[in-house]
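Q: If you scroll down you'll find the structure; I have some questions about it.
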Amino acid sequence: MNDEQRRHQERLGRVRDHADNLADPFPATSRGGLALAAIKEIITEAETLDAARVSNTSAARQATSMRKDARVALRAQITALNKTGRAIGIDHPEFKDKFRTPATNLNDQDLLALARSLLQEVTPIKALFIEYDMPADFLETLAASINRFDEAINQQNTGMGGRSQSSAGIDAAHARSDAELEKLNAAMLNKYSNDPAALAAWKIAYNIETPQRARGKAGVNNPPAMPKT
């Protein structure tokens, strides 16, 4: 979770723990009890989403490393085909400049397209490349590199998308909790209107932690003050 999400989640946890430790708890069917139950469900939902966010972040990070390695390997193989193709063009003018490729200045999608194109073009004349001491399995190696690079790109995109989706889900869950917090706050103020100590403890639980730069601003997410009697 980011800092804002963490503060909101910790606030929900404080509210839940405070309500669970009340000597006179809210009946389950009361508005306070229903709001508390909803808050507990939201806490669990946000925790599940955060676990998914962490997993997706890890997957995206791993895929980023795989993508980098696969890119380097694929460019090296394309360069080898380029150089060998130039040599072939000396002895076979019909192939002159056929395999010249700007592999170092291509984005990843263009690099993939180039590699697939080369795979198709070289396959019919594989034996000619082997005559110039290319490994016998160089096309199989190229095909494997293409698949590995494509898979790394897809995994990275999936991980990053899942991370964003999980984070958005946490925000949505926390947004729903605001109404439940307000209802629980009203119930708490009414139920303990004659118990200043209980209300003081509730205020600590209900307040949301604010960043250092925002402290000192009065009234930030505070429950309404009770009138003095």
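Ordering of the structure tokens sets the chain letters (A, B, ...), residue numbers begin anew at 1 in every chain, and ligands are numbered from 1 in the order given.
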Write out as a ChimeraX atom specification which residues come within 12 Å of stretch 2-11 of chain A when counting only C-alpha atoms, dropping same-chain ones fewer than 2 positions away.
A: /A:13-18,39-40,42-47,49-50,53-54,163-164,166-178,181,202-211,221-222
Q: Would you give me, as a VMD selection string, the residues in stretch 5-176 of chain A that DSSP reads as alpha helix (DSSP H)?
A: chain A and resid 5 to 20 31 to 91 108 to 122 126 to 131 138 to 176
Q: Check the smallest atom-to-atom distance from each of A:Ala35, A:Leu142, A:Ala28, A:Ala51 to A:Thr79 using only C-alpha atoms, then report the winner.
A: A:Leu142
Q: Find the distance between atom CA of A:Gln120 and atom CA of A:Gln156 and write it in Å to one decimal.
A: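 Atom CA of A:Gln156 lies 26.7 Å from atom CA of A:Gln120.
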Q: State, in Å with one decimal place, the distance from atom CA of A:Thr48 to atom CA of A:Ala60.
A: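 These atoms are spaced 18.4 Å apart.
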Q: Need the shell around stretch 134-138 of chain A: protein/DNA/RNA residues with any atom at most 10 Å away, counting only C-alpha atoms. Skip same-chain ones fewer than 5 positions apart. Format as a VMD selection string?
A: chain A and resid 77 80 to 81 84 119 126 to 129 143 to 144
Q: With only C-alpha atoms as the counted atoms, please give the residues lying no more than 12 Å from A:Ala76, apart from itself and same-chain residues fewer than 6 positions off, as a CSV table (one decimal) with C-alpha atoms, in the first residue's frame.
A:
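Written file, out36.csv:
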```csv
chain,number,residue,atom,x,y,z
A,69,ASP,CA,18.2,-10.3,-20.6
A,70,ALA,CA,16.1,-11.6,-23.4
A,82,ASN,CA,23.4,-9.3,-39.9
A,83,LYS,CA,27.2,-9.9,-40.0
A,101,THR,CA,19.1,-4.4,-39.7
A,103,ALA,CA,18.7,-3.7,-34.3
A,104,THR,CA,20.3,-1.3,-31.7
A,111,LEU,CA,12.7,-5.7,-32.4
A,115,ALA,CA,13.4,-11.1,-35.3
A,138,PHE,CA,20.9,-21.1,-34.7
A,141,THR,CA,17.9,-20.6,-30.7
A,142,LEU,CA,16.5,-17.5,-32.4
A,145,SER,CA,14.8,-16.1,-27.9
```
Q: As a ChimeraX atom specification, please: the residues near A:Phe95 (cut-off 12 Å, only C-alpha atoms, same-chain neighbours under 4 positions excluded).
A: /A:82,84-91,99-100,121-122,125,128-129
Q: Measuring atom to atom with only C-alpha atoms, identify which of A:Met66, A:Ala186, A:Ala52, A:Ala200 is nearest to A:Leu36.
A: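 Closest to A:Leu36, using only C-alpha atoms: A:Ala186.
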Q: Got a sec: who's within 12 Å of A:Leu106, counting only C-alpha atoms, leaving out chain neighbours fewer than 4 positions off, as a PyMOL selection string?
A: chain A and resi 71+74-75+78+101-102+110-115
Q: Tell me, in Å to one decimal, how far atom CA of A:Gly162 is from atom CA of A:Ala179.
A: 27.1 Å
Q: Which residue gives the smallest distance to A:Gly32 among A:Ala19, A:Leu184, A:Leu199, A:Leu189, with only C-alpha atoms counted?
A: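 With only C-alpha atoms as the atom set, the closest residue is A:Leu184.
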